[in-house]
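Structure file data_24.cif; described as mmCIF, C-alpha atoms.
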```
data_target
loop_
_atom_site.label_atom_id
_atom_site.label_comp_id
_atom_site.auth_asym_id
_atom_site.auth_seq_id
_atom_site.Cartn_x
_atom_site.Cartn_y
_atom_site.Cartn_z
CA MET A 1 -7.99 -36.21 -20.96
CA PRO A 2 -7.97 -32.48 -21.80
CA THR A 3 -4.73 -30.55 -21.66
CA GLN A 4 -4.83 -27.37 -19.62
CA THR A 5 -2.26 -25.04 -18.09
CA GLU A 6 -1.09 -24.45 -14.55
CA MET A 7 1.86 -22.77 -12.83
CA THR A 8 4.57 -25.01 -11.48
CA PRO A 9 5.07 -24.83 -7.67
CA ARG A 10 8.62 -23.53 -8.14
CA ALA A 11 7.45 -20.83 -10.54
CA ALA A 12 4.59 -19.89 -8.21
CA TRP A 13 6.98 -19.31 -5.32
CA LEU A 14 9.38 -17.40 -7.59
CA LEU A 15 6.48 -15.20 -8.72
CA ILE A 16 5.37 -14.48 -5.14
CA LEU A 17 8.91 -13.81 -3.91
CA ALA A 18 9.70 -11.50 -6.83
CA ALA A 19 6.48 -9.53 -6.34
CA SER A 20 7.19 -9.26 -2.62
CA ALA A 21 10.74 -8.01 -3.25
CA ILE A 22 9.54 -5.41 -5.77
CA LEU A 23 6.99 -4.09 -3.29
CA MET A 24 9.65 -4.05 -0.56
CA ILE A 25 11.69 -1.58 -2.64
CA THR A 26 8.90 0.61 -3.99
CA MET A 27 7.15 0.89 -0.63
CA GLY A 28 10.48 1.46 1.08
CA ALA A 29 10.89 4.49 -1.17
CA ARG A 30 7.33 5.71 -0.59
CA LEU A 31 7.06 5.19 3.16
CA THR A 32 10.27 6.98 4.12
CA THR A 33 9.47 10.34 2.50
CA GLY A 34 8.63 11.95 5.86
CA LEU A 35 12.26 11.55 6.94
CA PHE A 36 13.30 13.94 4.15
CA MET A 37 10.82 16.71 4.98
CA SER A 38 12.93 18.56 7.55
CA PRO A 39 16.22 18.24 5.59
CA ILE A 40 14.56 19.45 2.38
CA ASN A 41 13.01 22.37 4.29
CA THR A 42 16.39 23.29 5.76
CA SER A 43 18.05 23.03 2.35
CA THR A 44 15.44 24.90 0.29
CA GLY A 45 13.51 27.02 2.80
CA LEU A 46 10.24 26.09 1.09
CA GLY A 47 8.36 25.65 4.38
CA ILE A 48 6.60 22.66 5.91
CA ALA A 49 3.22 23.51 4.35
CA SER A 50 4.65 23.70 0.81
CA ILE A 51 6.63 20.48 1.16
CA SER A 52 3.62 18.74 2.74
CA PHE A 53 1.53 19.74 -0.26
CA ALA A 54 4.07 18.28 -2.69
CA LEU A 55 4.18 15.03 -0.72
CA ALA A 56 0.37 15.04 -0.55
CA VAL A 57 0.19 15.34 -4.33
CA GLY A 58 2.59 12.40 -4.44
CA GLN A 59 0.21 10.39 -2.27
CA PHE A 60 -2.63 11.10 -4.69
CA MET A 61 -0.51 10.45 -7.79
CA TRP A 62 0.67 7.11 -6.37
CA GLY A 63 -2.97 6.07 -6.13
CA ALA A 64 -4.08 7.64 -9.42
CA ALA A 65 -1.32 5.85 -11.32
CA GLN A 66 -2.36 2.39 -10.17
CA PRO A 67 -5.65 1.94 -12.05
CA ILE A 68 -3.99 3.40 -15.15
CA PHE A 69 -0.95 1.15 -14.94
CA GLY A 70 -3.25 -1.67 -13.84
CA ALA A 71 -5.24 -1.39 -17.07
CA VAL A 72 -1.99 -1.36 -19.06
CA ALA A 73 -0.77 -4.41 -17.13
CA ASP A 74 -4.06 -6.25 -17.73
CA LYS A 75 -3.59 -5.72 -21.47
CA TYR A 76 0.17 -5.83 -22.08
CA GLY A 77 1.60 -7.58 -19.02
CA SER A 78 2.92 -6.57 -15.62
CA ALA A 79 6.65 -6.87 -16.29
CA LYS A 80 6.71 -4.02 -18.82
CA VAL A 81 4.80 -1.76 -16.43
CA ILE A 82 7.19 -2.51 -13.57
CA VAL A 83 10.27 -1.70 -15.68
CA LEU A 84 8.78 1.62 -16.75
CA GLY A 85 7.85 2.40 -13.16
CA ALA A 86 11.37 1.63 -11.93
CA LEU A 87 12.86 4.12 -14.37
CA MET A 88 10.35 6.81 -13.36
CA LEU A 89 10.84 6.22 -9.64
CA ALA A 90 14.64 6.30 -9.89
CA ALA A 91 14.56 9.45 -12.03
CA GLY A 92 12.21 11.27 -9.65
CA LEU A 93 14.36 10.49 -6.61
CA ALA A 94 17.62 11.34 -8.37
CA LEU A 95 16.32 14.71 -9.60
CA THR A 96 14.87 15.86 -6.26
CA PRO A 97 18.17 17.19 -4.82
CA PHE A 98 18.51 19.50 -7.84
CA VAL A 99 15.15 21.30 -7.44
CA THR A 100 14.72 24.38 -5.28
CA SER A 101 11.10 25.40 -5.97
CA GLN A 102 7.74 23.96 -5.02
CA TRP A 103 6.94 23.34 -8.68
CA GLY A 104 10.15 21.36 -9.05
CA LEU A 105 9.32 19.31 -5.96
CA LEU A 106 5.80 18.75 -7.28
CA PHE A 107 7.28 17.30 -10.46
CA THR A 108 9.94 15.06 -8.91
CA MET A 109 8.26 13.80 -5.72
CA GLY A 110 4.66 14.71 -6.48
CA PHE A 111 4.49 13.20 -9.95
CA LEU A 112 7.51 11.33 -11.31
CA SER A 113 8.63 9.22 -8.37
CA ALA A 114 5.09 8.73 -7.04
CA ALA A 115 3.72 7.50 -10.37
CA GLY A 116 6.75 5.26 -10.82
CA ALA A 117 6.20 3.70 -7.40
CA GLY A 118 2.53 3.19 -8.30
CA ALA A 119 3.57 1.14 -11.33
CA GLY A 120 5.29 -1.32 -8.99
CA SER A 121 2.75 -1.41 -6.23
CA PHE A 122 -0.17 -3.41 -4.83
CA SER A 123 -2.68 -3.46 -7.67
CA ILE A 124 -0.19 -4.53 -10.34
CA LEU A 125 1.67 -7.07 -8.19
CA ILE A 126 -1.32 -8.64 -6.44
CA GLY A 127 -3.28 -8.63 -9.71
CA ALA A 128 -0.44 -10.36 -11.58
CA THR A 129 -0.17 -13.14 -9.00
CA ALA A 130 -3.92 -13.59 -8.42
CA GLN A 131 -4.52 -14.18 -12.11
CA ARG A 132 -2.05 -17.08 -12.16
CA LEU A 133 -2.68 -18.79 -8.83
CA PRO A 134 -5.61 -21.00 -7.77
CA ALA A 135 -8.19 -19.38 -5.52
CA ALA A 136 -7.02 -21.19 -2.39
CA ARG A 137 -3.54 -19.62 -2.61
CA ARG A 138 -4.54 -16.04 -3.46
CA PRO A 139 -5.13 -14.71 0.09
CA PHE A 140 -1.81 -16.11 1.29
CA ALA A 141 -0.01 -14.67 -1.74
CA ALA A 142 -1.58 -11.25 -1.17
CA GLY A 143 -0.56 -11.30 2.50
CA PHE A 144 2.98 -12.43 1.65
CA ILE A 145 3.43 -9.74 -1.01
CA ASN A 146 2.00 -7.14 1.34
CA ALA A 147 4.47 -8.24 4.02
CA GLY A 148 7.24 -7.47 1.55
CA GLY A 149 6.12 -3.83 1.43
CA SER A 150 6.16 -3.70 5.23
CA PHE A 151 9.63 -5.24 5.33
CA GLY A 152 10.76 -2.46 3.00
CA GLN A 153 9.61 0.12 5.52
CA PHE A 154 11.34 -1.79 8.33
CA VAL A 155 14.63 -1.91 6.39
CA PHE A 156 14.72 1.46 4.66
CA ALA A 157 13.40 3.78 7.41
CA PRO A 158 16.37 3.29 9.78
CA LEU A 159 18.76 2.91 6.83
CA MET A 160 17.74 6.21 5.24
CA GLN A 161 17.87 7.99 8.61
CA ALA A 162 21.36 6.61 9.24
CA ILE A 163 22.57 7.85 5.86
CA ILE A 164 20.88 11.24 6.38
CA SER A 165 22.62 11.60 9.76
CA SER A 166 26.04 10.51 8.52
CA ALA A 167 26.26 11.64 4.88
CA GLY A 168 23.31 13.99 4.35
CA TRP A 169 19.87 13.72 2.79
CA ILE A 170 21.15 13.96 -0.81
CA ALA A 171 23.30 10.86 -0.37
CA ALA A 172 20.32 9.03 1.16
CA MET A 173 18.03 9.99 -1.71
CA MET A 174 20.60 8.94 -4.33
CA THR A 175 21.06 5.61 -2.54
CA MET A 176 17.33 5.03 -2.69
CA ALA A 177 17.24 6.00 -6.37
CA VAL A 178 19.88 3.42 -7.29
CA THR A 179 18.19 0.76 -5.15
CA THR A 180 14.89 1.15 -6.99
CA LEU A 181 16.55 -0.01 -10.23
CA LEU A 182 16.81 -3.49 -8.69
CA THR A 183 13.11 -3.93 -9.44
CA ILE A 184 13.93 -4.23 -13.17
CA PRO A 185 15.53 -7.72 -13.01
CA LEU A 186 12.98 -8.72 -10.36
CA ALA A 187 10.21 -8.16 -12.93
CA TRP A 188 11.41 -11.13 -15.00
CA PRO A 189 9.24 -13.80 -13.27
CA LEU A 190 6.15 -11.59 -13.79
CA ARG A 191 6.32 -11.67 -17.56
CA ARG A 192 3.42 -13.37 -19.31
CA GLY A 193 3.65 -17.13 -19.62
CA ALA A 194 6.54 -17.47 -17.16
CA GLY A 195 6.44 -20.76 -15.25
CA ILE A 196 3.30 -22.04 -17.01
CA LYS A 197 3.24 -25.69 -18.07
CA LYS A 198 0.67 -27.81 -19.85
CA VAL A 199 -0.73 -30.71 -17.85
CA ALA A 200 -3.44 -33.24 -18.58
CA GLY A 201 -6.59 -32.75 -16.54
CA ALA A 202 -5.25 -29.96 -14.33
CA PRO A 203 -7.75 -27.37 -13.16
CA ALA A 204 -7.15 -24.20 -15.10
CA VAL A 205 -7.06 -20.85 -13.34
CA LYS A 206 -9.74 -18.89 -15.16
CA PRO A 207 -11.35 -15.53 -14.58
CA VAL A 208 -14.92 -15.73 -13.33
CA GLU A 209 -16.28 -12.80 -15.32
CA ALA A 210 -18.79 -13.34 -18.05
CA PRO A 211 -17.02 -14.20 -21.33
CA GLY A 212 -16.47 -11.21 -23.55
CA MET A 213 -17.04 -8.60 -20.85
CA GLY A 214 -14.86 -5.60 -21.56
CA LEU A 215 -13.03 -3.47 -19.04
CA GLY A 216 -15.38 -0.51 -19.47
CA LYS A 217 -18.46 -2.60 -18.77
CA GLN A 218 -16.82 -4.22 -15.75
CA ILE A 219 -15.93 -0.82 -14.29
CA LYS A 220 -19.50 0.44 -14.78
CA ILE A 221 -20.88 -2.62 -13.00
CA ALA A 222 -18.41 -2.19 -10.14
CA LEU A 223 -19.14 1.52 -9.65
CA ARG A 224 -22.87 0.74 -9.28
CA ASP A 225 -22.21 -1.90 -6.60
CA PRO A 226 -22.69 -0.51 -3.04
CA SER A 227 -20.27 -3.07 -1.59
CA TYR A 228 -17.50 -1.86 -3.90
CA LEU A 229 -18.20 1.75 -2.90
CA PHE A 230 -18.19 0.83 0.79
CA LEU A 231 -14.74 -0.70 0.29
CA HIS A 232 -13.61 2.57 -1.26
CA ALA A 233 -14.88 4.55 1.72
CA GLY A 234 -13.07 2.34 4.22
CA PHE A 235 -9.86 2.37 2.22
CA PHE A 236 -10.05 6.18 2.04
CA THR A 237 -9.65 6.22 5.82
CA CYS A 238 -6.73 3.79 5.66
CA GLY A 239 -4.94 6.13 3.25
CA PHE A 240 -5.64 9.14 5.46
CA HIS A 241 -4.09 7.39 8.47
CA ILE A 242 -1.02 6.09 6.68
CA ALA A 243 -0.12 9.25 4.76
CA PHE A 244 -0.54 11.44 7.82
CA LEU A 245 1.76 9.26 9.90
CA VAL A 246 4.37 8.61 7.20
CA THR A 247 4.60 12.33 6.46
CA HIS A 248 4.21 13.84 9.92
CA LEU A 249 5.28 11.28 12.53
CA PRO A 250 8.83 12.72 12.48
CA GLY A 251 7.29 16.14 13.18
CA GLU A 252 5.17 14.75 16.03
CA VAL A 253 8.24 13.15 17.55
CA ALA A 254 10.17 16.43 17.29
CA LEU A 255 7.31 18.33 18.97
CA CYS A 256 7.70 15.99 21.93
CA GLY A 257 11.38 16.93 22.21
CA LEU A 258 12.66 13.56 21.03
CA SER A 259 15.40 12.79 18.48
CA ALA A 260 14.98 11.93 14.80
CA GLY A 261 16.21 8.44 15.63
CA VAL A 262 13.01 7.81 17.57
CA SER A 263 10.86 8.57 14.52
CA ALA A 264 13.03 6.38 12.25
CA THR A 265 12.83 3.51 14.75
CA ALA A 266 9.06 3.97 15.09
CA LEU A 267 8.59 3.88 11.31
CA GLY A 268 10.73 0.76 11.15
CA LEU A 269 8.67 -0.89 13.90
CA ILE A 270 5.48 -0.12 11.98
CA GLY A 271 6.91 -2.02 9.03
CA LEU A 272 8.20 -4.89 11.16
CA PHE A 273 4.91 -5.49 12.95
CA ASN A 274 2.93 -5.13 9.74
CA ILE A 275 4.81 -8.12 8.35
CA ALA A 276 3.08 -10.19 11.03
CA GLY A 277 -0.17 -8.29 10.49
CA SER A 278 -0.13 -8.84 6.73
CA LEU A 279 0.59 -12.55 6.98
CA THR A 280 -2.08 -12.90 9.67
CA ALA A 281 -4.62 -11.01 7.55
CA GLY A 282 -3.86 -13.21 4.53
CA PHE A 283 -4.26 -16.34 6.66
CA LEU A 284 -7.48 -15.23 8.37
CA SER A 285 -8.99 -14.10 5.06
CA THR A 286 -9.30 -17.75 4.05
CA ARG A 287 -11.20 -18.61 7.25
CA TYR A 288 -13.35 -15.64 8.18
CA ARG A 289 -15.35 -12.96 6.44
CA MET A 290 -12.96 -10.37 5.10
CA LYS A 291 -15.37 -7.50 5.78
CA SER A 292 -15.38 -8.46 9.47
CA LEU A 293 -11.58 -8.45 9.57
CA LEU A 294 -11.55 -4.98 8.00
CA ALA A 295 -14.10 -3.64 10.47
CA LEU A 296 -12.06 -5.03 13.37
CA MET A 297 -8.83 -3.49 12.10
CA TYR A 298 -10.32 -0.05 11.61
CA ALA A 299 -11.99 -0.09 15.02
CA SER A 300 -8.73 -1.12 16.66
CA ARG A 301 -7.00 1.92 15.17
CA ALA A 302 -9.42 4.25 16.92
CA VAL A 303 -8.65 2.55 20.25
CA ILE A 304 -4.88 2.63 19.64
CA ILE A 305 -4.89 6.36 18.85
CA VAL A 306 -6.98 7.18 21.94
CA ILE A 307 -4.50 5.29 24.13
CA TYR A 308 -1.59 7.10 22.46
CA LEU A 309 -3.13 10.52 23.12
CA LEU A 310 -3.59 9.68 26.81
CA ALA A 311 -0.08 8.24 27.27
CA PRO A 312 3.07 10.18 28.25
CA LYS A 313 5.13 11.06 25.17
CA THR A 314 8.27 9.01 25.75
CA PRO A 315 10.31 6.98 23.24
CA MET A 316 8.71 3.79 24.57
CA THR A 317 5.23 5.24 24.00
CA PHE A 318 6.07 5.86 20.35
CA TYR A 319 7.55 2.38 19.97
CA VAL A 320 4.50 0.65 21.49
CA PHE A 321 2.18 2.88 19.45
CA ALA A 322 4.09 2.04 16.27
CA ALA A 323 4.02 -1.69 16.99
CA ALA A 324 0.29 -1.74 17.77
CA LEU A 325 -0.70 0.41 14.80
CA GLY A 326 1.78 -1.40 12.57
CA PHE A 327 -0.07 -4.68 13.01
CA THR A 328 -3.02 -3.20 11.08
CA TRP A 329 -0.99 -0.72 8.98
CA LEU A 330 -1.28 -2.24 5.50
CA ALA A 331 -2.86 -5.48 6.69
CA THR A 332 -6.06 -4.02 5.21
CA VAL A 333 -4.72 -4.73 1.71
CA PRO A 334 -5.15 -8.57 1.52
CA PRO A 335 -8.82 -8.60 2.63
CA THR A 336 -9.64 -5.53 0.52
CA ALA A 337 -8.06 -7.05 -2.60
CA GLY A 338 -9.70 -10.37 -1.73
CA LEU A 339 -13.13 -8.78 -1.53
CA VAL A 340 -12.67 -7.06 -4.90
CA GLY A 341 -11.73 -10.43 -6.37
CA LYS A 342 -14.73 -12.10 -4.73
CA LEU A 343 -17.11 -9.48 -6.05
CA PHE A 344 -15.84 -9.24 -9.63
CA GLY A 345 -13.32 -11.99 -10.34
CA MET A 346 -9.67 -11.90 -11.33
CA ARG A 347 -9.66 -10.72 -14.96
CA TYR A 348 -9.56 -7.01 -14.21
CA LEU A 349 -8.37 -7.15 -10.60
CA SER A 350 -5.36 -4.92 -11.30
CA THR A 351 -7.66 -2.19 -12.58
CA LEU A 352 -10.52 -2.55 -10.08
CA PHE A 353 -8.24 -2.82 -7.07
CA GLY A 354 -6.24 0.05 -8.54
CA LEU A 355 -9.38 2.19 -8.42
CA THR A 356 -9.86 1.20 -4.78
CA LEU A 357 -6.29 2.25 -4.10
CA LEU A 358 -7.05 5.57 -5.76
CA SER A 359 -9.65 6.17 -3.04
CA HIS A 360 -6.98 5.16 -0.52
CA GLN A 361 -4.69 7.83 -1.91
CA VAL A 362 -7.34 10.54 -2.03
CA GLY A 363 -7.41 9.98 1.71
CA GLY A 364 -3.62 9.94 1.62
CA PHE A 365 -3.52 13.33 -0.09
CA LEU A 366 -5.75 14.84 2.58
CA GLY A 367 -3.85 13.16 5.42
CA ALA A 368 -0.48 14.49 4.28
CA TRP A 369 -1.72 17.95 3.27
CA LEU A 370 -4.06 18.64 6.18
CA GLY A 371 -1.37 17.46 8.58
CA GLY A 372 0.87 20.25 7.31
CA LEU A 373 -1.92 22.82 7.51
CA SER A 374 -2.75 21.69 11.05
CA PHE A 375 0.84 22.18 12.14
CA VAL A 376 1.08 25.63 10.55
CA SER A 377 -2.31 26.75 11.91
CA PHE A 378 -2.25 25.29 15.44
CA GLY A 379 1.37 24.42 16.09
CA ASP A 380 0.62 20.72 16.61
CA TYR A 381 -1.35 17.77 15.21
CA THR A 382 -4.09 17.43 17.84
CA TRP A 383 -7.00 17.95 15.46
CA MET A 384 -5.54 15.45 13.02
CA TRP A 385 -5.51 12.78 15.73
CA TYR A 386 -9.18 13.52 16.46
CA ALA A 387 -9.97 13.22 12.74
CA ASP A 388 -8.13 9.87 12.66
CA ILE A 389 -10.34 8.53 15.46
CA VAL A 390 -13.61 9.64 13.86
CA LEU A 391 -12.65 8.28 10.45
CA ALA A 392 -11.53 4.94 11.93
CA ILE A 393 -14.89 4.44 13.63
CA GLY A 394 -16.71 5.37 10.42
CA ALA A 395 -14.60 2.94 8.37
CA ALA A 396 -15.33 0.11 10.79
CA LEU A 397 -19.07 0.69 10.51
CA ILE A 398 -19.21 1.11 6.74
CA ASN A 399 -17.51 -2.24 6.11
CA LEU A 400 -20.20 -4.21 7.93
CA PRO A 401 -22.93 -4.06 5.21
CA ILE A 402 -20.56 -5.20 2.43
CA ARG A 403 -21.96 -8.14 0.48
CA GLU A 404 -19.89 -11.24 1.19
CA ASP A 405 -20.84 -14.90 1.31
CA HIS A 406 -19.92 -17.11 4.23
CA VAL A 407 -16.42 -18.57 3.98
CA VAL A 408 -16.47 -22.16 2.75
CA ARG A 409 -13.68 -24.05 4.49
CA THR A 410 -12.20 -26.56 2.04
CA PRO A 411 -11.25 -29.93 3.58
CA PRO A 412 -7.48 -30.55 3.54
CA ALA A 413 -7.79 -33.47 1.13
CA ALA A 414 -9.80 -31.40 -1.33
CA ALA A 415 -7.39 -28.47 -1.01
CA LYS A 416 -4.48 -30.70 -2.11
CA ALA A 417 -6.35 -32.17 -5.02
#
```

Could you write out this structure as structure tokens?
Amino acid sequence: MPTQTEMTPRAAWLLILAASAILMITMGARLTTGLFMSPINTSTGLGIASISFALAVGQFMWGAAQPIFGAVADKYGSAKVIVLGALMLAAGLALTPFVTSQWGLLFTMGFLSAAGAGAGSFSILIGATAQRLPAARRPFAAGFINAGGSFGQFVFAPLMQAIISSAGWIAAMMTMAVTTLLTIPLAWPLRRGAGIKKVAGAPAVKPVEAPGMGLGKQIKIALRDPSYLFLHAGFFTCGFHIAFLVTHLPGEVALCGLSAGVSATALGLIGLFNIAGSLTAGFLSTRYRMKSLLALMYASRAVIIVIYLLAPKTPMTFYVFAAALGFTWLATVPPTAGLVGKLFGMRYLSTLFGLTLLSHQVGGFLGAWLGGLSFVSFGDYTWMWYADIVLAIGAALINLPIREDHVVRTPPAAAKA
């Protein structure tokens, strides 16, 4: 009987839990940046538009770093990339209180911390786990890891706001900088060969690409595939939505005459409800067409935003809005990553999904930056909400023609074999 390799169940769970914990920390750092906008503006006097631009550049850099670090991870291993990213993220956060110019803020929050967070984000973590797990477990793993990122937002948004209110924004940023270093020991289970054992007759987890296909050729094939480009277009909208809200929801809350605690609670609720949304998306991705799930999520966002605009602006309105939107917040990640894997296999998933995330963050750059320009030009965010609605409808429609086979439901007995 031939000897092949597989990951032990204990090692598989350790891998998934470690990846989830890493994403909890890096996304916690990324998705709480809006809470620092007003304090940084008060401290430096740079202005909302200038700070929004620096944070927008950070949104783009977070996405741009992922295909680059993904390619490095595909070649040299994910653990080394995560350690490097942790050092960059911690350094960027720790240096931010010492800068007083827009160029300084562009370097610390726009480049250093954003790129470091990208090295410990979706494409690297989901790619590292997908390459080691059997196909039946990949959607669940992606949803579980994604839920970790949402839990980070749920934990760190109210925590950072509490520290800002009690000890100041510099203490909060330093706390976050130290916390990000915890991702270094968490990278240990993601090193190459960890938890792999040789077994006789076990089905090996192999990439489905043609043997010998290089990364360059795979990228060229992907960029000529309409389905892959449609995924990019939909994910662009997701990034626009998320970056706008993460950066400017505190400002929207303030415009309505409500306290900063309301915005922190709303951001935390987004993360809490996206835990359920991410796990649900990972579960449903094994049973239904992932393109249909994506179309449904994007369409629901348009409806949620319309209801929010028509509702009275009370704390409860923001909490219900955050909970409803949070269910789809980053729940788009498991089906999007799953579709990339279906289309092109697992070998270069970190890179190919990283490129998809780059499109996400191009949208993120525009969402964060245009939100600031909208506020400066019109005194509110009305036109940004209208743009959110139009883009959500467009994203729902463009996902429908994506090429995807019918889901084959594996019988329970076969799934255990």

To test your reading of the syntax: which residues would the PyMOL selection byres ((chain A and resi 167-171) around 9) return for the file shown? Reply as an MDAnalysis selection string.
chainID A and resid 35:36 39:40 94 96:97 160:166 172:176

In Å, with one decimal, what is the gap from atom CA of A:Phe365 to atom CA of A:Gly282?
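If I compute the distance from atom CA of A:Phe365 to atom CA of A:Gly282, I get 26.9 Å.
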
So which one's closest to A:Ile398, A:Val376, A:Ala324, A:Leu349, A:Ala299? Using all atoms listed in the file, please.
A:Ala299

Point-to-point distance from atom CA of A:Gly251 to atom CA of A:Phe378, Å rounded to tenths:
13.4 Å

Under the PyMOL selection byres ((chain A and resi 92) around 6), which residues of this model are included? Write them out as a ChimeraX atom specification.
/A:89-91,93-95,108,112-113

Restricting the output to C-alpha atoms, write the selected residues as a compact mmCIF listing (two decimals), in the frame of the given file.
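Dumped everything to part.txt:
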```
# COMPACT_ATOMS: atom_id res chain seq x y z
CA LEU A 89 10.84 6.22 -9.64
CA ALA A 90 14.64 6.30 -9.89
CA ALA A 91 14.56 9.45 -12.03
CA LEU A 93 14.36 10.49 -6.61
CA ALA A 94 17.62 11.34 -8.37
CA LEU A 95 16.32 14.71 -9.60
CA THR A 108 9.94 15.06 -8.91
CA LEU A 112 7.51 11.33 -11.31
CA SER A 113 8.63 9.22 -8.37
```

Atom CA of A:Val83 to atom CA of A:Leu31, distance in Å rounded to a single decimal:
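Answer for the atom CA of A:Val83 to atom CA of A:Leu31 separation: 20.3 Å.
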
Taking only C-alpha atoms into account, which of A:Lys75, A:His360, A:Lys291, A:Lys342 comes nearest A:Leu397?
A:Lys291

Selection result for the PyMOL selection byres ((chain A and resi 52) around 10) on this file, as an MDAnalysis selection string:
chainID A and resid 34 37 47:51 53:58 244 247:248 365 367:373

Find the residues near stretch 385-389 of chain A: any atom within 9 Å, counting all atoms listed in the file, skip ones fewer than 3 places away on the same chain, and give them as a PyMOL selection string.
chain A and resi 237+240-241+299+301-303+305-306+309+381-382+392-394

Since the input lacks some atoms of stretch 222-227 of chain A, please model all heavy atoms and print them as a PDB file, in the coordinates of the input.
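The result, stored in out_27.pdb:
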```
ATOM      1  N   ALA A 222     -19.027  -2.334 -11.463  1.00  0.00           N
ATOM      2  CA  ALA A 222     -18.410  -2.190 -10.140  1.00  0.00           C
ATOM      3  C   ALA A 222     -18.819  -0.877  -9.473  1.00  0.00           C
ATOM      4  O   ALA A 222     -19.138  -0.854  -8.277  1.00  0.00           O
ATOM      5  CB  ALA A 222     -16.892  -2.263 -10.271  1.00  0.00           C
ATOM      6  N   LEU A 223     -18.839   0.204 -10.234  1.00  0.00           N
ATOM      7  CA  LEU A 223     -19.140   1.520  -9.650  1.00  0.00           C
ATOM      8  C   LEU A 223     -20.609   1.659  -9.254  1.00  0.00           C
ATOM      9  O   LEU A 223     -20.967   2.607  -8.549  1.00  0.00           O
ATOM     10  CB  LEU A 223     -18.754   2.628 -10.632  1.00  0.00           C
ATOM     11  CG  LEU A 223     -17.244   2.787 -10.865  1.00  0.00           C
ATOM     12  CD1 LEU A 223     -16.986   3.876 -11.897  1.00  0.00           C
ATOM     13  CD2 LEU A 223     -16.511   3.097  -9.565  1.00  0.00           C
ATOM     14  N   ARG A 224     -21.460   0.734  -9.698  1.00  0.00           N
ATOM     15  CA  ARG A 224     -22.870   0.740  -9.280  1.00  0.00           C
ATOM     16  C   ARG A 224     -23.116  -0.215  -8.113  1.00  0.00           C
ATOM     17  O   ARG A 224     -24.250  -0.333  -7.644  1.00  0.00           O
ATOM     18  CB  ARG A 224     -23.781   0.379 -10.455  1.00  0.00           C
ATOM     19  CG  ARG A 224     -23.839   1.430 -11.547  1.00  0.00           C
ATOM     20  CD  ARG A 224     -25.024   1.209 -12.470  1.00  0.00           C
ATOM     21  NE  ARG A 224     -24.926  -0.059 -13.180  1.00  0.00           N
ATOM     22  CZ  ARG A 224     -24.452  -0.188 -14.425  1.00  0.00           C
ATOM     23  NH1 ARG A 224     -24.010   0.881 -15.067  1.00  0.00           N
ATOM     24  NH2 ARG A 224     -24.390  -1.365 -15.008  1.00  0.00           N
ATOM     25  N   ASP A 225     -22.065  -0.901  -7.672  1.00  0.00           N
ATOM     26  CA  ASP A 225     -22.210  -1.900  -6.600  1.00  0.00           C
ATOM     27  C   ASP A 225     -21.934  -1.227  -5.260  1.00  0.00           C
ATOM     28  O   ASP A 225     -20.815  -0.768  -5.009  1.00  0.00           O
ATOM     29  CB  ASP A 225     -21.232  -3.043  -6.836  1.00  0.00           C
ATOM     30  CG  ASP A 225     -21.496  -4.225  -5.924  1.00  0.00           C
ATOM     31  OD1 ASP A 225     -21.716  -4.011  -4.719  1.00  0.00           O
ATOM     32  OD2 ASP A 225     -21.472  -5.374  -6.409  1.00  0.00           O
ATOM     33  N   PRO A 226     -22.914  -1.159  -4.344  1.00  0.00           N
ATOM     34  CA  PRO A 226     -22.690  -0.510  -3.040  1.00  0.00           C
ATOM     35  C   PRO A 226     -21.527  -1.123  -2.263  1.00  0.00           C
ATOM     36  O   PRO A 226     -20.781  -0.399  -1.587  1.00  0.00           O
ATOM     37  CB  PRO A 226     -24.020  -0.708  -2.305  1.00  0.00           C
ATOM     38  CG  PRO A 226     -25.030  -0.885  -3.390  1.00  0.00           C
ATOM     39  CD  PRO A 226     -24.313  -1.613  -4.487  1.00  0.00           C
ATOM     40  N   SER A 227     -21.353  -2.430  -2.337  1.00  0.00           N
ATOM     41  CA  SER A 227     -20.270  -3.070  -1.590  1.00  0.00           C
ATOM     42  C   SER A 227     -18.908  -2.554  -2.048  1.00  0.00           C
ATOM     43  O   SER A 227     -18.003  -2.329  -1.239  1.00  0.00           O
ATOM     44  CB  SER A 227     -20.339  -4.589  -1.759  1.00  0.00           C
ATOM     45  OG  SER A 227     -21.500  -5.108  -1.148  1.00  0.00           O
TER      46      SER A 227
END
```
